[in-house]
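Following: one structure in structure tokens, then a few remarks.
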Amino acid sequence: MNNQTSVYRPTFTKVDFFIIFGTALFPPVFLAVGLLQVVASHRFSYRKGFNYSLLSTLIVMTFLWIFIYAYFVSFAGLESSIRTKETQSLMLIVAMFCLPLIVTFQVMSMRANTYFKGLETSYKELLLNQDHDEIAEIARQVNRKPEQATEDIMFLMQENTLPSGTIEDGIIYWDGENDEEEEEEEQEQEQEDDESNNDDDTLEVETDSSQKAEQEAAAESSLIRSIPSKLPKSTQCVGCGSKVILQPEESKECEYCGSWLNYM
């Protein structure tokens with residue numbers, strides 16, 4: 001798993017910029033759109049800082065729009081000095097209402113962003129350094145609900161502040177992790193196959209040796225059986241004609257005439 005990740009930096013989305021630009025043109029409509037955007041996304045921790053900043057910016061845009069509308073439309077028929085004075089009076093009243101809201105939302109935005117950056121640090125520590133992969137345990141460690149922790153982690157993956165991966169049945173699986181496991185399993189399988197082949201070769205060699213020994217023993221036994229057994233036999237003396245008993249391979253002198261007799 002690649003631990004090289006970026007640092008989360010809160011920025012407006014394209015939808016946020018569209019709402020801000022629309023509010024500068026016509027606040028009555030786009031202020032409502034902005035409020036809907038805030039309500040729909042405020043349950044996400046990573047959006048809270050965005051939403052407070054968005055509200056603060058929309059108030060500023062509305063303030064500027066009121067100033068321009070009052071000067072060029074509402075007080076357009078008045079004399080220049082009176083028009084300026086009336087516009088300034090109106091903007092002072094509006095500013096007294098808007099300025100506290102702007103400051104409050106900016107402070108809340110900074111606090112929300114700081115909180116989420118702290119969560120980001122905790123998630124990285126648990127996921128990358130301590131190798132936790134169970135959402136329930138991670139949520140307990142950061143004092144969040146499991147569904148909230150899931151939303152936070154998926155967002156950080158999308159922002160590339162955490163390595164890419166998926167969450168299934170409350171378990172985090174990093175991309176490429178399964179490939180590494182499959183590669184290890186293939187290597188183990190190949191090693192087992194090699195060991196099996198070596199065992200088969202050894203068994204074949206032992207079998208061949210055993211068969212060769214049996215063949216040699218059979219050949220020796222056959223050779224022994226092919227040699228005829230020799231027994232004592234009676235031989236007639238060529239000198240006197242007497243019969244003499246000779247043992248196998250024996251030679252001796254006839255006791256009657258002295259002739260030498262050989263076992264034939």
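Residues in the structure tokens are named by chain (A, B, ... in the order shown) and by number from 1 within that chain; ligands are numbered from 1 in the order shown.
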Give me, as a short mmCIF file (atom, residue, chain, number, x, y, z; two decimals) with N, CA, C and O atoms, in the first residue's frame, all polymer residues having an atom no more than 12 Å from Val33 (chain A), counting only C-alpha atoms and skipping those fewer than 6 positions away in the same chain.
data_model
loop_
_atom_site.label_atom_id
_atom_site.label_comp_id
_atom_site.auth_asym_id
_atom_site.auth_seq_id
_atom_site.Cartn_x
_atom_site.Cartn_y
_atom_site.Cartn_z
N VAL A 15 -20.23 23.87 -7.78
CA VAL A 15 -21.61 24.24 -7.41
C VAL A 15 -21.59 25.44 -6.47
O VAL A 15 -22.40 26.37 -6.60
N ASP A 16 -20.64 25.44 -5.51
CA ASP A 16 -20.54 26.58 -4.58
C ASP A 16 -20.23 27.87 -5.33
O ASP A 16 -20.85 28.92 -5.06
N PHE A 18 -20.88 28.54 -8.42
CA PHE A 18 -22.06 28.90 -9.21
C PHE A 18 -23.08 29.64 -8.33
O PHE A 18 -23.66 30.65 -8.74
N ILE A 19 -23.30 29.16 -7.11
CA ILE A 19 -24.25 29.80 -6.21
C ILE A 19 -23.76 31.19 -5.81
O ILE A 19 -24.54 32.16 -5.75
N ILE A 20 -22.46 31.32 -5.54
CA ILE A 20 -21.90 32.63 -5.16
C ILE A 20 -22.06 33.63 -6.31
O ILE A 20 -22.49 34.79 -6.09
N PHE A 21 -21.72 33.21 -7.52
CA PHE A 21 -21.84 34.09 -8.68
C PHE A 21 -23.31 34.47 -8.91
O PHE A 21 -23.64 35.63 -9.21
N GLY A 22 -24.21 33.50 -8.77
CA GLY A 22 -25.63 33.78 -8.95
C GLY A 22 -26.17 34.73 -7.90
O GLY A 22 -27.02 35.60 -8.20
N THR A 23 -25.67 34.62 -6.66
CA THR A 23 -26.12 35.52 -5.60
C THR A 23 -25.69 36.96 -5.86
O THR A 23 -26.41 37.92 -5.55
N PHE A 26 -28.40 37.99 -8.49
CA PHE A 26 -29.81 38.04 -8.08
C PHE A 26 -30.00 37.24 -6.78
O PHE A 26 -30.37 36.06 -6.80
N PRO A 27 -29.74 37.86 -5.64
CA PRO A 27 -29.80 37.15 -4.35
C PRO A 27 -31.13 36.51 -4.01
O PRO A 27 -31.14 35.43 -3.39
N VAL A 39 -28.35 22.90 3.76
CA VAL A 39 -29.20 21.94 4.47
C VAL A 39 -28.95 20.52 3.97
O VAL A 39 -28.88 19.56 4.77
N ALA A 40 -28.78 20.36 2.67
CA ALA A 40 -28.63 19.01 2.10
C ALA A 40 -27.29 18.37 2.44
O ALA A 40 -27.19 17.14 2.50
N LEU A 54 -19.57 29.34 2.89
CA LEU A 54 -20.52 29.66 1.83
C LEU A 54 -21.56 30.67 2.31
O LEU A 54 -21.86 31.67 1.62
N LEU A 55 -22.11 30.44 3.50
CA LEU A 55 -23.10 31.37 4.04
C LEU A 55 -22.50 32.76 4.25
O LEU A 55 -23.13 33.78 3.94
N LEU A 58 -22.13 34.40 0.85
CA LEU A 58 -23.43 34.80 0.30
C LEU A 58 -23.95 36.07 0.96
O LEU A 58 -24.57 36.92 0.30
#
Point-to-point distance in Å for CA of Pro10 (chain A) and CA of Thr104 (chain A):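 Here the two named atoms are 18.3 Å from each other.
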Near Ile245 (chain A), counting only C-alpha atoms, which residues have an atom at most 12 Å away, once you skip same-chain residues fewer than 4 positions from it, shown as a PyMOL selection string? chain A and resi 231-237+249-255+261-264
With all heavy atoms kept, could you save the residues just selected as a compact mmCIF listing (two decimals), in the first residue's frame?
# COMPACT_ATOMS: atom_id res chain seq x y z
N LEU A 231 26.57 -84.26 -9.74
CA LEU A 231 26.47 -85.29 -8.70
C LEU A 231 27.60 -86.30 -8.87
O LEU A 231 28.23 -86.39 -9.93
CB LEU A 231 25.13 -86.02 -8.83
CG LEU A 231 23.87 -85.13 -8.68
CD1 LEU A 231 22.62 -85.96 -8.97
CD2 LEU A 231 23.80 -84.53 -7.30
N PRO A 232 27.95 -87.06 -7.85
CA PRO A 232 28.95 -88.14 -7.99
C PRO A 232 28.51 -89.14 -9.06
O PRO A 232 27.31 -89.41 -9.20
CB PRO A 232 28.98 -88.79 -6.60
CG PRO A 232 28.46 -87.72 -5.68
CD PRO A 232 27.46 -86.94 -6.47
N LYS A 233 29.49 -89.62 -9.82
CA LYS A 233 29.13 -90.59 -10.87
C LYS A 233 30.16 -91.72 -10.98
O LYS A 233 31.32 -91.56 -10.56
CB LYS A 233 28.97 -89.89 -12.20
CG LYS A 233 30.24 -89.38 -12.81
CD LYS A 233 29.96 -88.76 -14.17
CE LYS A 233 31.24 -88.26 -14.82
NZ LYS A 233 30.98 -87.75 -16.20
N SER A 234 29.70 -92.81 -11.53
CA SER A 234 30.56 -94.00 -11.70
C SER A 234 31.27 -93.92 -13.03
O SER A 234 30.64 -93.69 -14.06
CB SER A 234 29.71 -95.28 -11.62
OG SER A 234 30.51 -96.41 -11.86
N THR A 235 32.63 -94.10 -13.02
CA THR A 235 33.45 -94.02 -14.23
C THR A 235 34.21 -95.36 -14.40
O THR A 235 34.73 -95.91 -13.43
CB THR A 235 34.45 -92.86 -14.13
OG1 THR A 235 33.73 -91.66 -13.92
CG2 THR A 235 35.28 -92.74 -15.39
N GLN A 236 34.25 -95.84 -15.64
CA GLN A 236 34.97 -97.10 -15.92
C GLN A 236 36.42 -96.81 -16.26
O GLN A 236 36.71 -95.92 -17.06
CB GLN A 236 34.32 -97.84 -17.10
CG GLN A 236 34.86 -99.22 -17.33
CD GLN A 236 34.08 -99.94 -18.42
OE1 GLN A 236 33.23 -99.35 -19.09
NE2 GLN A 236 34.37 -101.24 -18.60
N CYS A 237 37.29 -97.50 -15.58
CA CYS A 237 38.74 -97.31 -15.79
C CYS A 237 39.10 -97.77 -17.18
O CYS A 237 38.70 -98.87 -17.61
CB CYS A 237 39.55 -98.07 -14.73
SG CYS A 237 41.34 -97.93 -14.95
N GLU A 249 34.36 -82.85 -10.30
CA GLU A 249 35.65 -82.20 -10.50
C GLU A 249 36.79 -82.97 -9.87
O GLU A 249 37.89 -82.44 -9.71
CB GLU A 249 35.63 -80.76 -9.94
CG GLU A 249 34.48 -79.89 -10.44
CD GLU A 249 34.51 -79.73 -11.96
OE1 GLU A 249 35.60 -79.79 -12.54
OE2 GLU A 249 33.42 -79.53 -12.54
N GLU A 250 36.57 -84.24 -9.50
CA GLU A 250 37.62 -85.03 -8.82
C GLU A 250 38.46 -85.81 -9.85
O GLU A 250 37.94 -86.28 -10.86
CB GLU A 250 36.99 -86.01 -7.82
CG GLU A 250 38.02 -86.82 -7.04
CD GLU A 250 37.40 -87.83 -6.10
OE1 GLU A 250 36.18 -88.11 -6.24
OE2 GLU A 250 38.11 -88.31 -5.20
N SER A 251 39.73 -85.97 -9.57
CA SER A 251 40.67 -86.80 -10.36
C SER A 251 41.46 -87.65 -9.38
O SER A 251 41.97 -87.15 -8.37
CB SER A 251 41.63 -85.91 -11.16
OG SER A 251 40.93 -85.14 -12.11
N LYS A 252 41.55 -88.97 -9.71
CA LYS A 252 42.32 -89.83 -8.80
C LYS A 252 42.84 -91.06 -9.57
O LYS A 252 42.39 -91.36 -10.67
CB LYS A 252 41.48 -90.24 -7.61
CG LYS A 252 40.35 -91.19 -7.89
CD LYS A 252 39.61 -91.54 -6.59
CE LYS A 252 38.48 -92.52 -6.84
NZ LYS A 252 37.80 -92.88 -5.57
N GLU A 253 43.74 -91.78 -8.90
CA GLU A 253 44.42 -92.95 -9.52
C GLU A 253 43.63 -94.22 -9.25
O GLU A 253 43.08 -94.41 -8.17
CB GLU A 253 45.82 -93.09 -8.91
CG GLU A 253 46.67 -94.17 -9.56
CD GLU A 253 48.06 -94.25 -8.94
OE1 GLU A 253 48.29 -93.56 -7.90
OE2 GLU A 253 48.87 -94.96 -9.49
N CYS A 254 43.46 -95.04 -10.28
CA CYS A 254 42.75 -96.32 -10.13
C CYS A 254 43.54 -97.19 -9.17
O CYS A 254 44.75 -97.37 -9.31
CB CYS A 254 42.58 -97.00 -11.49
SG CYS A 254 41.72 -98.61 -11.38
N GLU A 255 42.84 -97.75 -8.20
CA GLU A 255 43.51 -98.53 -7.18
C GLU A 255 43.92 -99.93 -7.69
O GLU A 255 44.63 -100.66 -7.01
CB GLU A 255 42.58 -98.66 -5.97
CG GLU A 255 41.28 -99.36 -6.27
CD GLU A 255 40.36 -99.41 -5.05
OE1 GLU A 255 40.71 -98.88 -3.96
OE2 GLU A 255 39.27 -99.98 -5.19
N LEU A 261 42.07 -91.32 -13.41
CA LEU A 261 40.69 -91.17 -13.85
C LEU A 261 40.24 -89.72 -13.54
O LEU A 261 40.52 -89.18 -12.44
CB LEU A 261 39.78 -92.15 -13.15
CG LEU A 261 40.18 -93.65 -13.32
CD1 LEU A 261 39.29 -94.54 -12.48
CD2 LEU A 261 40.06 -94.03 -14.81
N ASN A 262 39.52 -89.04 -14.47
CA ASN A 262 39.02 -87.66 -14.29
C ASN A 262 37.50 -87.63 -14.36
O ASN A 262 36.89 -88.36 -15.16
CB ASN A 262 39.59 -86.74 -15.35
CG ASN A 262 41.10 -86.60 -15.25
OD1 ASN A 262 41.64 -86.47 -14.15
ND2 ASN A 262 41.79 -86.67 -16.40
N TYR A 263 36.92 -86.75 -13.54
CA TYR A 263 35.45 -86.56 -13.57
C TYR A 263 35.11 -85.86 -14.87
O TYR A 263 35.62 -84.78 -15.18
CB TYR A 263 35.00 -85.68 -12.38
CG TYR A 263 33.48 -85.56 -12.27
CD1 TYR A 263 32.77 -86.50 -11.50
CD2 TYR A 263 32.81 -84.55 -12.91
CE1 TYR A 263 31.41 -86.37 -11.40
CE2 TYR A 263 31.44 -84.42 -12.82
CZ TYR A 263 30.73 -85.35 -12.03
OH TYR A 263 29.36 -85.22 -11.95
N MET A 264 34.26 -86.41 -15.65
CA MET A 264 33.91 -85.85 -16.94
C MET A 264 32.44 -85.40 -16.88
O MET A 264 31.60 -86.12 -16.40
CB MET A 264 34.12 -86.87 -18.06
CG MET A 264 35.57 -87.33 -18.17
SD MET A 264 36.69 -86.02 -18.62
CE MET A 264 36.15 -85.69 -20.27
Output as a ChimeraX atom specification all residues of region 30-223 of chain A that backbone DSSP marks as alpha helix (DSSP H). /A:30-41,45-69,80-124,135-141,146-158,177-223
Need the shell around region 142-159 of chain A: protein/DNA/RNA residues with any atom at most 10 Å away, counting only C-alpha atoms. Skip same-chain ones fewer than 4 positions apart. Format as an mmCIF file with all heavy atoms, in the first residue's frame?
data_model
loop_
_atom_site.group_PDB
_atom_site.id
_atom_site.type_symbol
_atom_site.label_atom_id
_atom_site.label_comp_id
_atom_site.auth_asym_id
_atom_site.auth_seq_id
_atom_site.Cartn_x
_atom_site.Cartn_y
_atom_site.Cartn_z
ATOM 1 N N THR A 5 0.470 10.439 0.671
ATOM 2 C CA THR A 5 -0.821 11.092 0.483
ATOM 3 C C THR A 5 -0.654 12.593 0.633
ATOM 4 O O THR A 5 0.307 13.084 1.218
ATOM 5 C CB THR A 5 -1.847 10.588 1.522
ATOM 6 O OG1 THR A 5 -1.308 10.789 2.834
ATOM 7 C CG2 THR A 5 -2.132 9.104 1.322
ATOM 8 N N SER A 6 -1.631 13.321 0.098
ATOM 9 C CA SER A 6 -1.590 14.776 0.199
ATOM 10 C C SER A 6 -2.300 15.224 1.470
ATOM 11 O O SER A 6 -2.852 14.421 2.211
ATOM 12 C CB SER A 6 -2.257 15.394 -1.034
ATOM 13 O OG SER A 6 -3.606 14.958 -1.125
ATOM 14 N N VAL A 7 -2.270 16.534 1.717
ATOM 15 C CA VAL A 7 -2.933 17.113 2.890
ATOM 16 C C VAL A 7 -4.236 17.758 2.442
ATOM 17 O O VAL A 7 -4.288 18.446 1.418
ATOM 18 C CB VAL A 7 -2.024 18.153 3.572
ATOM 19 C CG1 VAL A 7 -2.735 18.781 4.765
ATOM 20 C CG2 VAL A 7 -0.718 17.496 4.015
ATOM 21 N N TYR A 8 -5.290 17.536 3.205
ATOM 22 C CA TYR A 8 -6.602 18.064 2.857
ATOM 23 C C TYR A 8 -6.627 19.584 2.992
ATOM 24 O O TYR A 8 -6.227 20.141 4.016
ATOM 25 C CB TYR A 8 -7.663 17.428 3.762
ATOM 26 C CG TYR A 8 -9.016 18.085 3.673
ATOM 27 C CD1 TYR A 8 -9.772 18.007 2.511
ATOM 28 C CD2 TYR A 8 -9.533 18.796 4.756
ATOM 29 C CE1 TYR A 8 -11.014 18.609 2.433
ATOM 30 C CE2 TYR A 8 -10.770 19.398 4.684
ATOM 31 C CZ TYR A 8 -11.508 19.304 3.522
ATOM 32 O OH TYR A 8 -12.722 19.904 3.447
ATOM 33 N N ARG A 9 -7.100 20.261 1.938
ATOM 34 C CA ARG A 9 -7.253 21.721 1.951
ATOM 35 C C ARG A 9 -8.680 22.064 1.511
ATOM 36 O O ARG A 9 -9.035 21.811 0.360
ATOM 37 C CB ARG A 9 -6.234 22.386 1.022
ATOM 38 C CG ARG A 9 -4.792 22.253 1.492
ATOM 39 C CD ARG A 9 -3.832 22.967 0.554
ATOM 40 N NE ARG A 9 -2.473 22.921 1.063
ATOM 41 C CZ ARG A 9 -1.633 21.922 0.854
ATOM 42 N NH1 ARG A 9 -2.032 20.885 0.146
ATOM 43 N NH2 ARG A 9 -0.415 21.957 1.358
ATOM 44 N N ARG A 43 -24.822 17.497 7.007
ATOM 45 C CA ARG A 43 -24.609 16.319 7.857
ATOM 46 C C ARG A 43 -23.210 15.745 7.687
ATOM 47 O O ARG A 43 -22.729 14.978 8.526
ATOM 48 C CB ARG A 43 -25.647 15.238 7.538
ATOM 49 C CG ARG A 43 -25.516 14.617 6.160
ATOM 50 C CD ARG A 43 -26.642 13.665 5.883
ATOM 51 N NE ARG A 43 -26.514 13.002 4.595
ATOM 52 C CZ ARG A 43 -25.850 11.874 4.399
ATOM 53 N NH1 ARG A 43 -25.258 11.268 5.416
ATOM 54 N NH2 ARG A 43 -25.781 11.328 3.198
ATOM 55 N N PHE A 44 -22.526 16.088 6.584
ATOM 56 C CA PHE A 44 -21.175 15.610 6.366
ATOM 57 C C PHE A 44 -20.172 16.505 7.097
ATOM 58 O O PHE A 44 -20.209 17.725 6.949
ATOM 59 C CB PHE A 44 -20.833 15.594 4.868
ATOM 60 C CG PHE A 44 -21.757 14.743 4.047
ATOM 61 C CD1 PHE A 44 -22.621 15.323 3.126
ATOM 62 C CD2 PHE A 44 -21.769 13.371 4.203
ATOM 63 C CE1 PHE A 44 -23.468 14.539 2.362
ATOM 64 C CE2 PHE A 44 -22.620 12.576 3.448
ATOM 65 C CZ PHE A 44 -23.476 13.157 2.527
ATOM 66 N N SER A 45 -19.294 15.914 7.848
ATOM 67 C CA SER A 45 -18.337 16.699 8.632
ATOM 68 C C SER A 45 -17.443 17.546 7.739
ATOM 69 O O SER A 45 -17.117 18.684 8.074
ATOM 70 C CB SER A 45 -17.472 15.760 9.483
ATOM 71 O OG SER A 45 -18.267 15.077 10.420
ATOM 72 N N TYR A 46 -17.043 16.972 6.594
ATOM 73 C CA TYR A 46 -16.130 17.705 5.722
ATOM 74 C C TYR A 46 -16.817 18.889 5.038
ATOM 75 O O TYR A 46 -16.150 19.790 4.532
ATOM 76 C CB TYR A 46 -15.541 16.770 4.656
ATOM 77 C CG TYR A 46 -16.559 16.084 3.779
ATOM 78 C CD1 TYR A 46 -17.072 16.703 2.642
ATOM 79 C CD2 TYR A 46 -17.010 14.801 4.083
ATOM 80 C CE1 TYR A 46 -18.015 16.077 1.842
ATOM 81 C CE2 TYR A 46 -17.944 14.156 3.287
ATOM 82 C CZ TYR A 46 -18.438 14.790 2.169
ATOM 83 O OH TYR A 46 -19.367 14.173 1.376
ATOM 84 N N PHE A 116 -12.135 18.906 11.318
ATOM 85 C CA PHE A 116 -12.028 17.848 10.317
ATOM 86 C C PHE A 116 -10.561 17.531 9.982
ATOM 87 O O PHE A 116 -10.225 16.384 9.690
ATOM 88 C CB PHE A 116 -12.783 18.234 9.042
ATOM 89 C CG PHE A 116 -12.902 17.084 8.072
ATOM 90 C CD1 PHE A 116 -13.768 16.039 8.320
ATOM 91 C CD2 PHE A 116 -12.123 17.041 6.920
ATOM 92 C CE1 PHE A 116 -13.871 14.970 7.451
ATOM 93 C CE2 PHE A 116 -12.218 15.978 6.041
ATOM 94 C CZ PHE A 116 -13.100 14.938 6.303
ATOM 95 N N GLY A 118 -8.240 17.581 12.156
ATOM 96 C CA GLY A 118 -7.857 16.689 13.248
ATOM 97 C C GLY A 118 -8.332 15.265 12.999
ATOM 98 O O GLY A 118 -7.606 14.296 13.271
ATOM 99 N N LEU A 119 -9.557 15.138 12.469
ATOM 100 C CA LEU A 119 -10.054 13.809 12.104
ATOM 101 C C LEU A 119 -9.175 13.176 11.029
ATOM 102 O O LEU A 119 -8.863 11.980 11.089
ATOM 103 C CB LEU A 119 -11.498 13.907 11.588
ATOM 104 C CG LEU A 119 -12.615 14.052 12.625
ATOM 105 C CD1 LEU A 119 -13.954 14.196 11.916
ATOM 106 C CD2 LEU A 119 -12.632 12.861 13.561
ATOM 107 N N GLU A 120 -8.792 13.973 10.056
ATOM 108 C CA GLU A 120 -7.936 13.463 8.984
ATOM 109 C C GLU A 120 -6.631 12.902 9.551
ATOM 110 O O GLU A 120 -6.196 11.804 9.174
ATOM 111 C CB GLU A 120 -7.622 14.568 7.982
ATOM 112 C CG GLU A 120 -6.659 14.144 6.885
ATOM 113 C CD GLU A 120 -6.067 15.329 6.151
ATOM 114 O OE1 GLU A 120 -6.323 16.469 6.549
ATOM 115 O OE2 GLU A 120 -5.313 15.099 5.184
ATOM 116 N N SER A 122 -6.132 11.761 12.591
ATOM 117 C CA SER A 122 -6.445 10.535 13.335
ATOM 118 C C SER A 122 -6.681 9.368 12.391
ATOM 119 O O SER A 122 -6.195 8.248 12.642
ATOM 120 C CB SER A 122 -7.682 10.762 14.209
ATOM 121 O OG SER A 122 -7.473 11.792 15.143
ATOM 122 N N TYR A 123 -7.414 9.592 11.297
ATOM 123 C CA TYR A 123 -7.668 8.523 10.332
ATOM 124 C C TYR A 123 -6.357 8.022 9.729
ATOM 125 O O TYR A 123 -6.147 6.809 9.571
ATOM 126 C CB TYR A 123 -8.596 9.019 9.228
ATOM 127 C CG TYR A 123 -10.035 9.199 9.651
ATOM 128 C CD1 TYR A 123 -10.752 10.343 9.309
ATOM 129 C CD2 TYR A 123 -10.686 8.219 10.392
ATOM 130 C CE1 TYR A 123 -12.073 10.521 9.693
ATOM 131 C CE2 TYR A 123 -12.009 8.386 10.788
ATOM 132 C CZ TYR A 123 -12.693 9.543 10.436
ATOM 133 O OH TYR A 123 -13.996 9.697 10.823
ATOM 134 N N LYS A 124 -5.465 8.928 9.365
ATOM 135 C CA LYS A 124 -4.190 8.515 8.777
ATOM 136 C C LYS A 124 -3.362 7.703 9.763
ATOM 137 O O LYS A 124 -2.724 6.717 9.395
ATOM 138 C CB LYS A 124 -3.415 9.744 8.314
ATOM 139 C CG LYS A 124 -3.956 10.375 7.041
ATOM 140 C CD LYS A 124 -3.084 11.519 6.576
ATOM 141 C CE LYS A 124 -3.581 12.075 5.247
ATOM 142 N NZ LYS A 124 -2.743 13.197 4.761
ATOM 143 N N LEU A 126 -4.497 5.859 12.278
ATOM 144 C CA LEU A 126 -5.118 4.550 12.490
ATOM 145 C C LEU A 126 -4.992 3.654 11.265
ATOM 146 O O LEU A 126 -4.730 2.446 11.382
ATOM 147 C CB LEU A 126 -6.593 4.723 12.859
ATOM 148 C CG LEU A 126 -6.880 5.386 14.210
ATOM 149 C CD1 LEU A 126 -8.359 5.721 14.337
ATOM 150 C CD2 LEU A 126 -6.447 4.477 15.357
ATOM 151 N N LEU A 127 -5.179 4.231 10.080
ATOM 152 C CA LEU A 127 -5.224 3.432 8.862
ATOM 153 C C LEU A 127 -3.832 3.114 8.314
ATOM 154 O O LEU A 127 -3.557 1.979 7.921
ATOM 155 C CB LEU A 127 -6.035 4.163 7.788
ATOM 156 C CG LEU A 127 -7.528 4.325 8.075
ATOM 157 C CD1 LEU A 127 -8.154 5.265 7.071
ATOM 158 C CD2 LEU A 127 -8.234 2.985 8.039
ATOM 159 N N GLU A 134 -11.014 -2.046 10.326
ATOM 160 C CA GLU A 134 -12.416 -2.220 10.703
ATOM 161 C C GLU A 134 -13.024 -0.858 11.022
ATOM 162 O O GLU A 134 -12.538 -0.135 11.897
ATOM 163 C CB GLU A 134 -12.538 -3.162 11.899
ATOM 164 C CG GLU A 134 -12.072 -4.583 11.612
ATOM 165 C CD GLU A 134 -12.279 -5.499 12.801
ATOM 166 O OE1 GLU A 134 -12.821 -5.006 13.831
ATOM 167 O OE2 GLU A 134 -11.899 -6.676 12.725
ATOM 168 N N ILE A 135 -14.098 -0.516 10.318
ATOM 169 C CA ILE A 135 -14.740 0.785 10.499
ATOM 170 C C ILE A 135 -15.239 0.968 11.927
ATOM 171 O O ILE A 135 -15.110 2.054 12.510
ATOM 172 C CB ILE A 135 -15.909 0.946 9.508
ATOM 173 C CG1 ILE A 135 -15.368 1.063 8.062
ATOM 174 C CG2 ILE A 135 -16.753 2.155 9.845
ATOM 175 C CD1 ILE A 135 -14.567 2.314 7.816
ATOM 176 N N ALA A 136 -15.791 -0.072 12.511
ATOM 177 C CA ALA A 136 -16.340 0.047 13.871
ATOM 178 C C ALA A 136 -15.251 0.438 14.862
ATOM 179 O O ALA A 136 -15.463 1.303 15.726
ATOM 180 C CB ALA A 136 -16.998 -1.273 14.283
ATOM 181 N N GLU A 137 -14.089 -0.176 14.764
ATOM 182 C CA GLU A 137 -12.991 0.132 15.680
ATOM 183 C C GLU A 137 -12.449 1.533 15.426
ATOM 184 O O GLU A 137 -12.139 2.282 16.370
ATOM 185 C CB GLU A 137 -11.874 -0.907 15.526
ATOM 186 C CG GLU A 137 -10.629 -0.635 16.353
ATOM 187 C CD GLU A 137 -10.901 -0.622 17.848
ATOM 188 O OE1 GLU A 137 -11.923 -1.190 18.281
ATOM 189 O OE2 GLU A 137 -10.096 -0.030 18.593
ATOM 190 N N ILE A 138 -12.330 1.911 14.154
ATOM 191 C CA ILE A 138 -11.839 3.252 13.818
ATOM 192 C C ILE A 138 -12.806 4.306 14.334
ATOM 193 O O ILE A 138 -12.387 5.323 14.905
ATOM 194 C CB ILE A 138 -11.656 3.372 12.297
ATOM 195 C CG1 ILE A 138 -10.550 2.429 11.813
ATOM 196 C CG2 ILE A 138 -11.324 4.808 11.890
ATOM 197 C CD1 ILE A 138 -10.455 2.318 10.318
ATOM 198 N N PRO A 163 -4.975 6.740 0.560
ATOM 199 C CA PRO A 163 -4.867 5.869 -0.611
ATOM 200 C C PRO A 163 -6.249 5.400 -1.061
ATOM 201 O O PRO A 163 -7.168 5.268 -0.262
ATOM 202 C CB PRO A 163 -4.014 4.696 -0.105
ATOM 203 C CG PRO A 163 -3.267 5.246 1.066
ATOM 204 C CD PRO A 163 -4.179 6.258 1.704
ATOM 205 N N SER A 164 -6.397 5.161 -2.343
ATOM 206 C CA SER A 164 -7.693 4.721 -2.870
ATOM 207 C C SER A 164 -8.007 3.305 -2.395
ATOM 208 O O SER A 164 -7.121 2.479 -2.196
ATOM 209 C CB SER A 164 -7.678 4.763 -4.406
ATOM 210 O OG SER A 164 -6.641 3.937 -4.919
ATOM 211 N N GLY A 165 -9.294 3.061 -2.223
ATOM 212 C CA GLY A 165 -9.732 1.745 -1.774
ATOM 213 C C GLY A 165 -11.250 1.682 -1.730
ATOM 214 O O GLY A 165 -11.942 2.582 -2.219
ATOM 215 N N THR A 166 -11.760 0.620 -1.151
ATOM 216 C CA THR A 166 -13.202 0.424 -1.026
ATOM 217 C C THR A 166 -13.523 -0.032 0.397
ATOM 218 O O THR A 166 -12.650 -0.525 1.117
ATOM 219 C CB THR A 166 -13.720 -0.632 -2.022
ATOM 220 O OG1 THR A 166 -13.009 -1.869 -1.807
ATOM 221 C CG2 THR A 166 -13.512 -0.165 -3.457
ATOM 222 N N ILE A 167 -14.795 0.136 0.770
ATOM 223 C CA ILE A 167 -15.267 -0.312 2.076
ATOM 224 C C ILE A 167 -16.410 -1.281 1.850
ATOM 225 O O ILE A 167 -17.434 -0.933 1.275
ATOM 226 C CB ILE A 167 -15.729 0.880 2.940
ATOM 227 C CG1 ILE A 167 -14.563 1.849 3.164
ATOM 228 C CG2 ILE A 167 -16.270 0.387 4.280
ATOM 229 C CD1 ILE A 167 -14.949 3.087 3.944
ATOM 230 N N GLY A 170 -18.059 -3.147 6.333
ATOM 231 C CA GLY A 170 -17.362 -2.544 7.463
ATOM 232 C C GLY A 170 -15.866 -2.765 7.476
ATOM 233 O O GLY A 170 -15.209 -2.478 8.482
ATOM 234 N N ILE A 171 -15.299 -3.257 6.377
ATOM 235 C CA ILE A 171 -13.858 -3.502 6.274
ATOM 236 C C ILE A 171 -13.290 -2.672 5.129
ATOM 237 O O ILE A 171 -13.891 -2.592 4.051
ATOM 238 C CB ILE A 171 -13.551 -4.993 6.035
ATOM 239 C CG1 ILE A 171 -14.156 -5.844 7.154
ATOM 240 C CG2 ILE A 171 -12.041 -5.219 5.969
ATOM 241 C CD1 ILE A 171 -13.596 -5.571 8.531
ATOM 242 N N ILE A 172 -12.130 -2.075 5.339
ATOM 243 C CA ILE A 172 -11.475 -1.274 4.317
ATOM 244 C C ILE A 172 -10.509 -2.148 3.533
ATOM 245 O O ILE A 172 -9.679 -2.863 4.112
ATOM 246 C CB ILE A 172 -10.709 -0.090 4.947
ATOM 247 C CG1 ILE A 172 -11.672 0.813 5.716
ATOM 248 C CG2 ILE A 172 -9.967 0.712 3.886
ATOM 249 C CD1 ILE A 172 -10.980 1.898 6.504
#
Residues at most 9 Å from Met110 (chain A), counting only C-alpha atoms, excluding those fewer than 3 positions away in the same chain, as a PDB file with C-alpha atoms, in the first residue's frame?
ATOM      1  CA  GLY A  49     -16.565  24.256   7.110  1.00  0.00           C
ATOM      2  CA  TYR A  52     -20.257  28.215   6.980  1.00  0.00           C
ATOM      3  CA  SER A  53     -17.871  29.865   4.523  1.00  0.00           C
ATOM      4  CA  PHE A 105     -19.907  32.069  10.218  1.00  0.00           C
ATOM      5  CA  GLN A 106     -16.183  32.646   9.551  1.00  0.00           C
ATOM      6  CA  VAL A 107     -15.294  31.590  13.094  1.00  0.00           C
ATOM      7  CA  ASN A 113     -12.218  22.873   9.240  1.00  0.00           C
ATOM      8  CA  THR A 114      -9.811  22.516  12.162  1.00  0.00           C
ATOM      9  CA  TYR A 115     -11.948  19.719  13.591  1.00  0.00           C
TER      10      TYR A 115
END
